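The block underneath contains the structure these notes are about, expressed in structure tokens.
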Amino acid sequence: MYEPDKTEARWQAFWAEQRTNEPDLDHAERPFFNLMMYPYPSGEGLHVGNLYAFTGADIFGRYQRLRGRDVFEPIGFDAFGIHSENYALQVGTHPMDQIPRNIANFERVLRRAGIMYDWSHTVDTTDPDYYRWTQWIFLQLFKAGLAEKKEAPVNWCPSCQTVLANEQVIAGRCERCDTPVEQRLLSQWFFRITQYVERLLANLDWIDWSETTKVAQRNWIGRSDGARLWFPLEQREIAGDSHDPEQARREAIEVFTTRPDTIYGATYMVLAPEHPLVERLASAEQQDEVNAYQRATAATDLVERRKTEKAKTGAFTGGYAVNPATGNRVPVWIADYVLMEYGTGAIMGVPAHDQRDFEFAREFGLDILPVVASKALIGADQDPAAFDLRVGEEAFVEHTEDEVLINSDRFSGLAAEEGGRAIVDWLGERGLGEPHVNYRLHDWCISRQRYWGPPIPVIYCSECGIQPVPESDLPVLLPHVEDFRPDAGGVAPLARAEDFYRVPCPDCGAEGRRETDVSDTFLDSAWYFMRYPSVGFDDRPFDAERTKRWLPVDMYIGGEEHAVLHLLYSRFITMVLHDLGHLTFEEPYKRFRKHGLLIKEGAKISKSRGNVILPDQYIERYGADAFRTYLMFLGPFQEGGDFRDVGIAGPERFLKRVWDSVIGAIEGGRTGFDDPDVERALHATIRQVTQDYESLEYNTAIAALMDYLNVVRAEGRTASVDEVRPLVVLLSPVAPHIAEELWARLDEEPSVFDQAEWPTYDEAKIHTDDVEIPVQVNGKLRATVRVERGASQDVVQEVALQEENVARHLEGVEVRKVVHVPDRLLNLVVG
RNA sequence: GCCGGGGUGGCGGAACGGCAGACGCAUCGGACUUAAAAUCCGAAGGGACGAAGGUCCCGUGUGGGUUCGAAUCCCACCCCCGGCACCA
């Protein structure tokens with residue numbers, strides 16, 4: 001009798017006692033670092049989505065192990081952060097008490113699920129032995145000039161009462177609580193990730209990652225090629241050759257554009273309402289209107305402001321600038337459709353060729369002047385320099401190969417792209433233009449005005465300014481404070497803990513004050529995988545030898561939701577540590593594969609829907625093996641699938657039958673292969689399962705195993721031990737407990753993961769002597785015939801023609817053509 | 001709007017130029033049982049004809065195309081999911 005609860009408990013105890021899953025980190029000869037994204041240990045318990053991801057990753061790890069690799073498969077807990085803090089606030093506990101309970105609960109479930117973790121090398125980001133090195137990493141960036149404190153407009157969540165990184169703002173709302181985000185001008189710590197943007201982009205071309213993830217990163221980085229142009233302010237004359245270009249630029253409005261070719265159509269300019277030049281440009285008579293508009297914008301939250309479909313609003317400043325190409329003076333407006341944080345916070349308005357500018361010009365009666373048109377439209381007989389193009393209800397924005405410039409002086413008639421380059425060159429001679437690449441990506445704001453994170457290791461000295469905490473003083477311990485509530489004014493909770501922040505300057509001893517902000521959780525997770533092999537080394541973040549042996553990560557499996565956050569930050573931190581000489585590699589993950597998303601009965605799983613699945617009850621009822629098998633069977637791992645309770649019955653029955661068949665084989669005592677069909681099925685199954693594990697297609701691997709079992713036990717047949725031994729091995733990555741038990745009962749030495757050889761297949765044994773060939777007439781199936789493998793067309797055709805059904809369809813018509821694919825198909829084309 | 005991914009039986013999904021629906025769930029029929037559950041055996045995309053073995057037609061979101069042959073490749077469109085979005 002198959003009793004999963006007993007079997008699973010026995011083998012989990014065996015693994016723990018024998019330290020089966022703890023590779024020798026110093027001497028492993030064929031190291032394989034199998035990594036999965038560590039979870040946030042929530043108070044609600046381990047989510048089935050976590051277990052889905054972990055199981056898929058675990059199968060890959062176990063498979064690599066059976067292929068002879070020394071697999072290191074660690075787990076840790078991403079336990080700092082707003083989520084934990086909010087949960088503690090909600091249930092009225094302290095995170096320092098709550099988190100260890102959550103972690104213990106997670107560990108219990110993960111052990112119960114039979115994941116091959118090395119429990120002697122876990123990471124907890126809230127452990128001072130860990131965050132000490134998170135602080136150390138901050139210091140390395142600080143010393144390298146890659147961490148800077150600057151006053152900047154930042155995203156402020158009024159509900160969480162903290163600053164958010166751009167990546168944490170989803171459609172203008174806080175990713176945590178969905179509250180519309182405000183902009184505030186605050187002094188914050190930033191990591192200069194923008195300095196690495198080209199490398200982050202370039203390496204995407206060669207790292208082995210899911211293509212969709214690479215695309216998401218490219219989009220996020222948002223490289224756009226264009227030019228910077230300077231429109232001199234009107235009260236100054238246009239800077240001529242005799243002027244210093246630097247001077248000219250200081251007295252001008254700088255814009256970024258991807259369409260410098262359209263500058264002759266720039267009939268006005270728009271500044272973001274917060275733009276520093278607004279004050280200077282605003283005329284006395286427009287001052288009130290400008291101020292009113294600025295106030296109105298400031299009062300609007302980002303969600304409202306960034307609505308695309310919203311009608312265009314704005315205010316005229318009363319000031320003018322000069323279009324450096326035409327020499328015409330153009331009015332300068334402010335409008336909220338221009339955003340301070342993208343480009344230069346100012347644009348040239350080209351209403352004929354930009355839909356937004358078009359709408360704005362229409363609203364305020366500004367000139368609309370087309371300067372680009374297709375050759376076909378112009379025709380051969382017209383002069384592009386004076387072409388009269390009428391603009392309809394929309395801007396003319398298509399950007400095609402055959403467009404040429406019109407109404408653009410001497411550039412008229414040039415192809416648009418070429419003309420754009422020529423114009424930028426020409427403006428460049430006067431210092432008023434240059435090619436420029438702009439990025440959507442901003443520097444990474446790591447300051448958080450919250451409690452539950454690693455304190456940023458900096459001291460502000462009244463005498464000597466910003467001082468890093470000496471490395472020897474790390475960690476800066478997060479004190480246990482009772483009132484860890486965030487503050488609406490943006491003051492960090494630690495700023496209320498005088499014992500914490502009052503310290504002498506580490507350099508001069510004068511009165512100093514600690515930084516009271518903590519760092520972003522994403523900094524914790526940007527390097528956690530580097531710590532795993534070096535857990536236990538107290539005097540260094542990562543040991544050189546261990547790191548060399550195990551990193552970079554061989555396989556990383558995780559959710560697509562981290563495509564642009566965690567994965568980008570950890571690449572950045574790895575590059576920095578590489579450049580500073582701490583690492584020998586610059587990309588952290590050799591391979592990354594995303595897993596799909598689980599839904600339940602067609603609906604998204606979420607707390608608010610109340611359809612959250614906790615694995616505990618299922619493991620309790622069906623056993624970990626059956627639950628794992630079901631999770632992996634319900635759909636392609638990389639695409640996700642639909643979880644339905646009733647579906648577990650299939651895998652559950654399958655495992656019972658495996659048990660009965662193997663036990664039956666052992667009791668029967670027969671060896672060898674007496675049935676060529678079974679042997680053939682075995683070899684085909686080994687081939688299929690091997691390919692599927694390799695490519696993470698676990699659902700079809702399991703289907704293949706079910707298929708094979710159906711062959712083995714057909715019509716009350718009793719299997720031989722040689723027929724079932726490979727089945728046990730092939731199944732073991734998915735259902736490790738039952739596999740261990742059956743392996744042992746087959747009189748083999750445990751553990752199957754150390755003792756078994758991965759089964760090999762013989763292509764020749766998969767082939768039969770005969771093949772079944774479908775016979776089509778005009779592409780429609782009319783019969784199947786059995787012929788010898790490799791039979792010639794003549795032979796196949798002869799056999800086919802004897803089929804009554806084929807002959808009938810050939811009656812009275814002429815065979816015009818015969819398509820024969822050897823061993824695959826015969827198609828008779830009649831006319 | 002832009003960028004990804006996807007639309008196949010009652011359901012989850014296979015197949016990804018060559019016998020559509022593997023494998024499984026649910027369903028139905030049978031065996032076992034006093035009975036039920038469990039287990040085992042079998043049926044099954046839809047339709048038409050046939051007593052039956054069978055035979056034919058229709059079928060992979062819609063419409064076109066390429067091909068001897070298309071779920072699979074190409075073009076256009078519709079719908080769903082995920083991401084980004086007044087990004088200049």
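A note on labels: chains of the structure tokens are A, B, ... as shown, every chain counts residues from 1, and ligands are counted from 1 in their shown order.
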Counting only C-alpha atoms (C1' of nucleotides), chain A residues within 6 Å of chain B, as a list in words
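Therefore, the residues near the partner are Thr257, Thr308, Tyr337, Gly647, Gly650, Ala703, Pro774 and Gly779 of chain A.
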List the neighbours of Leu277 (chain A) out to 12 Å using only C-alpha atoms (C1' of nucleotides); skip same-chain residues closer than 2 positions along the sequence, and give me the result as a ChimeraX atom specification.
/A:233,250-254,270-275,279-282,317,319-321,332-334,340,344-346
Based on the backbone DSSP call, show me all residues of region 220-350 of chain A assigned strand (DSSP E or B), as JSON, numbers by chain.
{"A": [224, 225, 226, 227, 228, 229, 230, 231, 232, 233, 252, 253, 254, 255, 256, 257, 268, 269, 270, 271, 315, 316, 317, 318, 319, 320, 321, 322, 329, 330, 331, 332, 333, 334, 346, 347, 348, 349]}
So which bits of region 137-222 of chain A end up helix (DSSP H, G or I) when you DSSP the backbone, as a PyMOL selection string?
chain A and resi 137-143+166-168+193-205+211-221
Residues at most 6 Å from region 438-452 of chain A, counting only C-alpha atoms (C1' of nucleotides), excluding those fewer than 4 positions away in the same chain, as a ChimeraX atom specification?
/A:80-81,162-163,165,188-194,221-224,484,486,492-493,517-520
What gap, in Å, lies between C1' of U72 (chain B) and C1' of G7 (chain B)?
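Calculated distance between C1' of U72 (chain B) and C1' of G7 (chain B) is 14.1 Å.
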Identify, on the basis of only C-alpha atoms (C1' of nucleotides), every residue whose closest approach to Arg540 (chain A) does not exceed 12 Å; exclude the query and any residue fewer than 6 positions from it along the same chain; express the result as a ChimeraX atom specification.
/A:129-130,132-134,136-137,471-472,474,530-531,533-534,546-547,582
Residues within 8 Å of region 689-696 of chain A, only C-alpha atoms (C1' of nucleotides), excluding chain neighbours under 3 positions, as a ChimeraX atom specification
/A:56,59-60,63,637-638,685-686,700-702,704-705,730
Written file, previous selection with N, CA and C atoms, as a compact mmCIF listing (two decimals), in the first residue's frame:
# COMPACT_ATOMS: atom_id res chain seq x y z
N GLY A 56 9.26 23.69 -9.85
CA GLY A 56 9.81 23.67 -11.20
C GLY A 56 11.32 23.82 -11.19
N ILE A 59 12.98 20.56 -9.74
CA ILE A 59 13.06 19.47 -10.70
C ILE A 59 14.31 19.64 -11.57
N PHE A 60 14.54 20.87 -11.98
CA PHE A 60 15.72 21.11 -12.80
C PHE A 60 16.99 20.80 -12.01
N TYR A 63 17.34 17.05 -11.57
CA TYR A 63 17.73 16.47 -12.86
C TYR A 63 19.22 16.68 -13.11
N PHE A 637 5.31 24.73 -17.76
CA PHE A 637 5.88 25.47 -16.62
C PHE A 637 6.18 26.93 -16.96
N GLN A 638 6.65 27.17 -18.15
CA GLN A 638 7.03 28.55 -18.47
C GLN A 638 5.84 29.40 -18.87
N THR A 685 10.53 6.89 -24.15
CA THR A 685 10.20 7.69 -22.97
C THR A 685 11.44 8.37 -22.41
N ILE A 686 12.54 7.64 -22.35
CA ILE A 686 13.77 8.25 -21.85
C ILE A 686 14.14 9.46 -22.71
N THR A 700 4.73 17.73 -20.30
CA THR A 700 4.81 16.66 -21.30
C THR A 700 5.72 15.53 -20.81
N ALA A 701 6.69 15.85 -19.96
CA ALA A 701 7.52 14.80 -19.38
C ALA A 701 6.65 13.86 -18.54
N ILE A 702 5.78 14.46 -17.73
CA ILE A 702 4.92 13.64 -16.89
C ILE A 702 3.95 12.83 -17.74
N ALA A 704 4.52 11.72 -20.67
CA ALA A 704 5.29 10.62 -21.26
C ALA A 704 5.47 9.48 -20.26
N LEU A 705 5.68 9.85 -18.98
CA LEU A 705 5.84 8.83 -17.95
C LEU A 705 4.53 8.07 -17.73
N LEU A 730 13.55 8.28 -13.73
CA LEU A 730 12.98 9.36 -14.54
C LEU A 730 11.95 10.17 -13.77
Between CA of Val564 (chain A) and CA of Glu198 (chain A), distance in Å (one decimal):
15.4 Å
What's around C74 (chain B) at 12 Å? Count only C-alpha atoms (C1' of nucleotides), leave out sequence neighbours fewer than 6 positions away in its own chain, and write the answer as a list in words.
G64, G65, U66 and U67 of chain B
Convert the current residue selection to file output with N, CA and C atoms (P, O5', C5', C4', C3', O3' and C1' of nucleotides), as an mmCIF file, in the first residue's frame.
data_model
loop_
_atom_site.group_PDB
_atom_site.id
_atom_site.type_symbol
_atom_site.label_atom_id
_atom_site.label_comp_id
_atom_site.auth_asym_id
_atom_site.auth_seq_id
_atom_site.Cartn_x
_atom_site.Cartn_y
_atom_site.Cartn_z
ATOM 1 P P G B 64 -12.674 33.539 -46.903
ATOM 2 O "O5'" G B 64 -11.560 34.525 -47.467
ATOM 3 C "C5'" G B 64 -10.664 34.078 -48.431
ATOM 4 C "C4'" G B 64 -9.593 35.112 -48.622
ATOM 5 C "C3'" G B 64 -8.298 34.530 -49.153
ATOM 6 O "O3'" G B 64 -8.368 34.335 -50.547
ATOM 7 C "C1'" G B 64 -7.802 35.851 -47.286
ATOM 8 P P G B 65 -7.993 32.867 -51.104
ATOM 9 O "O5'" G B 65 -6.400 32.896 -50.980
ATOM 10 C "C5'" G B 65 -5.680 33.943 -51.638
ATOM 11 C "C4'" G B 65 -4.281 34.032 -51.110
ATOM 12 C "C3'" G B 65 -3.392 32.810 -51.333
ATOM 13 O "O3'" G B 65 -2.940 32.726 -52.670
ATOM 14 C "C1'" G B 65 -3.066 33.653 -49.150
ATOM 15 P P U B 66 -2.615 31.329 -53.307
ATOM 16 O "O5'" U B 66 -1.262 30.940 -52.578
ATOM 17 C "C5'" U B 66 -0.074 31.682 -52.813
ATOM 18 C "C4'" U B 66 1.056 31.116 -51.991
ATOM 19 C "C3'" U B 66 1.286 29.616 -52.168
ATOM 20 O "O3'" U B 66 2.055 29.323 -53.319
ATOM 21 C "C1'" U B 66 1.290 30.150 -49.866
ATOM 22 P P U B 67 1.560 28.143 -54.303
ATOM 23 O "O5'" U B 67 1.777 26.853 -53.395
ATOM 24 C "C5'" U B 67 3.089 26.470 -53.007
ATOM 25 C "C4'" U B 67 3.013 25.294 -52.069
ATOM 26 C "C3'" U B 67 2.181 24.118 -52.570
ATOM 27 O "O3'" U B 67 2.916 23.304 -53.467
ATOM 28 C "C1'" U B 67 1.637 24.588 -50.308
#
What is the CA of Glu403 (chain A) to CA of Glu417 (chain A) distance in Å?
8.5 Å
Given only C-alpha atoms as the basis, pick out the residue of A:Val48, A:Ile170, A:Val662, A:Leu810 nearest to Leu746 (chain A).
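For Leu746 (chain A), the nearest of the candidates is A:Val662.
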